[in-house]
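Enquirer: Right, I'll just put the structure down here and ask away after.
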Amino acid sequence: MITTTPLPTWKELAAPFARPALDDEPSAAPWRGKDGGEGQAFWFSRSAWAMKAIVRWWSSLHEGRKPVLWLPDYFCNQSTYPLREINVTPVFYPIDMDLRPDREARRAMAALAAPDLFVIVHYFGIPADAAAARSFCDETGAYLIEDAAHALGPAPGIGEQGDFIFYSPHKILAVPDGALLLMRPKDGAGIIREAANGGGYSKALTGAWIIRRTLQKILPEPLLARRARRQKPAFADDPPYKPLPPETRISSTARAMLADAAEIMPAAAKARRRNWLALRQALNGLKGCRPLEIADQATPYRFVLRCDDEATAAALFDSLHAGGCPAESWPDLPPEAWAEPGRHQAAIRLRRTLVLLPVHQTAGMNELIACCEKIL
């Protein structure tokens with residue numbers, strides 16, 4: 001059965017019991033790029049907590065004031081929980097149907113109130129125009145944050161321009177948690193370190209993850225498939241908005257499992273690219289849908305199908321699940337986007353017309369193709 005996220009090998013599951021966990025800097029090496037990068041590295045359980053730490057860092061340098069934080073409107077609302085918890089309400093700037101910032105809208109917004117922190121997102125592992133974002137930040141005096149949570153690691157156009165860059169290995173590799181924040185500014189690093197180390201981690205959550213992944217590896221496929229069908233969400237439904245697990249620190253389990261990341265990542269990139277290309281060929285000519293293309297050197301996070309309308313997307317979503325492929329929609333949008341549909345029409349349309357398929361490194365290429373052939 002195909003899972004939405006990669007399954008660990010038995011060796012990876014045994015890693016927490018077989019090796020010590022690495023410190024921040026050694027474990028960050030695979031995400032620093034070929035030249036070793038610059039700045040300091042901090043590990044969190046999730047990138048949402050890293051974003052909150054950046055806000056606190058900025059406030060510490062500006063007499064406690066809250067920063068004006070800009071996020072793209074096509075953004076997971078659940079990830080804004082830590083920000084809203086400290087009474088920081090993000091400003092959401094519009095993106096277009098190609099997942100790029102709407103430059104005209106951005107310029108008009110900046111004329112009224114420029115950002116202090118500006119976030120660009122490398123959606124689905126596709127490099128955003130970080131150079132243009134860098135120019136905008138230089139003009140407005142904002143710090144640039146590259147959200148590379150969908151990226152396996154640094155690549156051309158990813159991780160090159162930001163004052164802060166964060167990656168989320170727990171979304172790409174088979175680990176229970178783990179988000180890396182790379183920080184280039186030299187002042188105030190202690191604030192980030194305190195946030196990364198101050199919240200503890202949950203042994204219960206990591207233990208539950210290990211048990212769940214072990215069961216997925218050993219239980220009969222028909223039993224897993226029945227369970228997946230019972231839990232299938234509706235295409236248009238959003239998950240409930242609720243607090244994130246409060247533990248901010250990466251777990252020792254994840255640290256130990258990430259010790260082999262430098263060896264695992266090249267093979268993961270190759271497998272993801274292979275699966276993406278296989279799906280692209282298998283779904284060529286699918287009526288009412290077409291793939292979101294990616295750069296040749298990009299590692300895909302998901303295979304993204306753009307549908308002509310919501311009815312087509314919902315029908316495709318249901319058909320894929322019926323065929324055993326766990327398709328997904330974007331988790332949710334912020335309420336600010338829904339409140340102004342005219343201003344945020346592209347984000348709303350993307351939410352209603354994109355269907356996401358897994359391409360991760362433990363998904364079998366032939367199994368993915370077989371699932372897709374059932375809907376053609």
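A note on labels: chains of the structure tokens are A, B, ... as shown, every chain counts residues from 1, and ligands are counted from 1 in their shown order.
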Set the distance at 9 Å and use only C-alpha atoms: which residues neighbour range 185-200 of chain A once local chain neighbours fewer than 2 positions away are removed? I'd like the list as a PyMOL selection string.

Expert: chain A and resi 39-40+42-45+49-50+52-54+56-58+60-61+163-164+183+202+246-251

Enquirer: Which residues of range 154-189 of chain A come within 12 Å of range 1-6 of chain A, and for each one, what is the closest pair of atoms and their distance in Å to one decimal, counting only C-alpha atoms, sorted by chain and residue number, as JSON lines?

Expert:
```
{"residue": "A:Pro169", "atom": "CA", "partner": "A:Pro6", "partner_atom": "CA", "distance": 11.3}
{"residue": "A:His170", "atom": "CA", "partner": "A:Thr5", "partner_atom": "CA", "distance": 9.3}
{"residue": "A:Lys171", "atom": "CA", "partner": "A:Thr5", "partner_atom": "CA", "distance": 7.4}
{"residue": "A:Ile172", "atom": "CA", "partner": "A:Pro6", "partner_atom": "CA", "distance": 7.4}
{"residue": "A:Leu173", "atom": "CA", "partner": "A:Pro6", "partner_atom": "CA", "distance": 6.5}
{"residue": "A:Ala174", "atom": "CA", "partner": "A:Pro6", "partner_atom": "CA", "distance": 5.4}
{"residue": "A:Val175", "atom": "CA", "partner": "A:Pro6", "partner_atom": "CA", "distance": 8.8}
{"residue": "A:Pro176", "atom": "CA", "partner": "A:Thr5", "partner_atom": "CA", "distance": 10.8}
```

Enquirer: Could you please take those selected residues and save C-alpha atoms as a compact mmCIF listing (two decimals), in the first residue's frame?

Expert:
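Output (again_11.txt):
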```txt
# COMPACT_ATOMS: atom_id res chain seq x y z
CA PRO A 169 13.25 17.05 7.06
CA HIS A 170 10.33 15.40 8.87
CA LYS A 171 8.18 16.16 5.80
CA ILE A 172 10.66 14.64 3.33
CA LEU A 173 12.58 11.93 5.20
CA ALA A 174 11.27 9.15 7.43
CA VAL A 175 11.74 10.82 10.81
CA PRO A 176 9.14 11.69 13.49
```

Enquirer: Please provide as a list in words all residues within 9 Å of Cys307 in chain A, with the sequence filter that same-chain residues fewer than 4 positions apart are discarded (counting only C-alpha atoms).

Expert: Lys287, Gly288, Cys289, Arg290, Pro291, Ala311, Thr312, Ala313, Leu316, Arg352, Thr353, Leu354 and Val355 of chain A

Enquirer: Keeping only C-alpha atoms, write those residues as a PDB file, in the first residue's frame.

Expert:
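Done, and the output landed in part_11.pdb:
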```pdb
ATOM      1  CA  LYS A 287      -8.868  15.119 -19.157  1.00  0.00           C
ATOM      2  CA  GLY A 288      -9.275  18.412 -17.329  1.00  0.00           C
ATOM      3  CA  CYS A 289      -5.923  18.176 -15.505  1.00  0.00           C
ATOM      4  CA  ARG A 290      -2.251  18.840 -16.146  1.00  0.00           C
ATOM      5  CA  PRO A 291       0.863  18.596 -13.980  1.00  0.00           C
ATOM      6  CA  ALA A 311     -15.710  19.480  -9.527  1.00  0.00           C
ATOM      7  CA  THR A 312     -12.989  17.892 -11.659  1.00  0.00           C
ATOM      8  CA  ALA A 313     -10.496  18.044  -8.779  1.00  0.00           C
ATOM      9  CA  LEU A 316     -10.217  12.952  -9.370  1.00  0.00           C
ATOM     10  CA  ARG A 352      -9.991  24.195  -4.796  1.00  0.00           C
ATOM     11  CA  THR A 353      -8.286  22.826  -7.921  1.00  0.00           C
ATOM     12  CA  LEU A 354      -4.928  21.258  -6.965  1.00  0.00           C
ATOM     13  CA  VAL A 355      -4.684  17.530  -6.262  1.00  0.00           C
TER      14      VAL A 355
END
```

Enquirer: Among the residues of range 199-339 of chain A, find those DSSP assigns to strand (DSSP E or B) from the backbone and print them as a short mmCIF file (atom, residue, chain, number, x, y, z; two decimals) with C-alpha atoms, in the first residue's frame.

Expert:
```
data_model
loop_
_atom_site.label_atom_id
_atom_site.label_comp_id
_atom_site.auth_asym_id
_atom_site.auth_seq_id
_atom_site.Cartn_x
_atom_site.Cartn_y
_atom_site.Cartn_z
CA CYS A 289 -5.92 18.18 -15.51
CA ARG A 290 -2.25 18.84 -16.15
CA PRO A 291 0.86 18.60 -13.98
CA PHE A 303 3.18 15.42 -7.79
CA VAL A 304 0.75 18.29 -8.29
CA LEU A 305 -2.16 18.12 -10.72
CA ARG A 306 -3.87 21.37 -11.72
CA CYS A 307 -7.53 20.78 -12.54
CA GLU A 328 -4.28 15.03 -0.84
#
```

Enquirer: For Lys374 in chain A, which residue among A:Ala236, A:Ala261, A:Cys325, A:Leu244 is the nearest when counting only C-alpha atoms?

Expert: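 With only C-alpha atoms as the atom set, the closest residue is A:Cys325.
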
Enquirer: Using only C-alpha atoms, find each residue of range 176-282 of chain A with at least one atom at most 10 Å away from an atom of range 331-346 of chain A; report its shortest atom-to-atom pair and that distance in Å (one decimal), sort the rows by chain and rising residue number, and return the result as a Markdown table.

Expert:
```
| residue | atom | partner | partner_atom | distance |
| --- | --- | --- | --- | --- |
| A:Phe235 | CA | A:Pro331 | CA | 9.7 |
| A:Ala236 | CA | A:Asp332 | CA | 9.2 |
| A:Asp237 | CA | A:Asp332 | CA | 8.3 |
| A:Asp238 | CA | A:Asp332 | CA | 5.3 |
| A:Pro239 | CA | A:Pro331 | CA | 6.7 |
| A:Pro240 | CA | A:Asp332 | CA | 9.2 |
| A:Tyr241 | CA | A:Asp332 | CA | 9.0 |
```

Enquirer: Please write the residues from the selection above to a file, keeping C-alpha atoms, as a short mmCIF file (atom, residue, chain, number, x, y, z; two decimals), in the first residue's frame.

Expert:
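Writing done, so here's selection-v1.cif:
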```
data_model
loop_
_atom_site.label_atom_id
_atom_site.label_comp_id
_atom_site.auth_asym_id
_atom_site.auth_seq_id
_atom_site.Cartn_x
_atom_site.Cartn_y
_atom_site.Cartn_z
CA PHE A 235 -11.59 17.03 -0.92
CA ALA A 236 -12.97 20.38 0.25
CA ASP A 237 -12.73 19.69 4.00
CA ASP A 238 -10.10 21.43 6.10
CA PRO A 239 -8.66 19.85 9.24
CA PRO A 240 -9.74 21.41 12.54
CA TYR A 241 -7.68 24.39 13.62
#
```

Enquirer: Quick one: residues within 9 Å of range 263-268 of chain A, only C-alpha atoms counted, chain neighbours fewer than 6 positions away excluded, as a VMD selection string?

Expert: chain A and resid 30 152 to 153 172 to 173 299 360 to 362

Enquirer: Mind listing the helix (DSSP H, G or I) residues of range 140-376 of chain A, per DSSP on the backbone, as a ChimeraX atom specification?

Expert: /A:140,169-172,189-197,203-218,221-231,252-282,310-322,335-339,345-353,365-373

Enquirer: Please list as a VMD selection string every residue within 7 Å of Ile375 in chain A, counting only C-alpha atoms and excluding residues in the same chain fewer than 2 positions away.

Expert: chain A and resid 319 to 320 372 to 373

Enquirer: Pick the closest to Gln78 in chain A from A:Arg213, A:Gly125, A:Arg46, A:Ile95: which is it, counting only C-alpha atoms?

Expert: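 The shortest atom-to-atom distance to Gln78 in chain A comes from A:Arg46.
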
Enquirer: Select, from A:Arg302, A:Arg65, A:His150, A:Lys203, the residue with the minimum atom-to-atom distance to Val88 in chain A, counting only C-alpha atoms.

Expert: A:Arg65

Enquirer: Under the rule that only C-alpha atoms are counted, which of A:Leu71, A:Leu83, A:Ala256, A:Leu356 is the nearest residue to Ile120 in chain A?

Expert: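 Checking each candidate against Ile120 in chain A, we get A:Leu71 as the closest.
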
Enquirer: Using only C-alpha atoms, which residue out of A:Met257, A:Val68, A:Ala269, A:Ile218 lies closest to Asp177 in chain A?

Expert: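 The shortest atom-to-atom distance to Asp177 in chain A comes from A:Met257.
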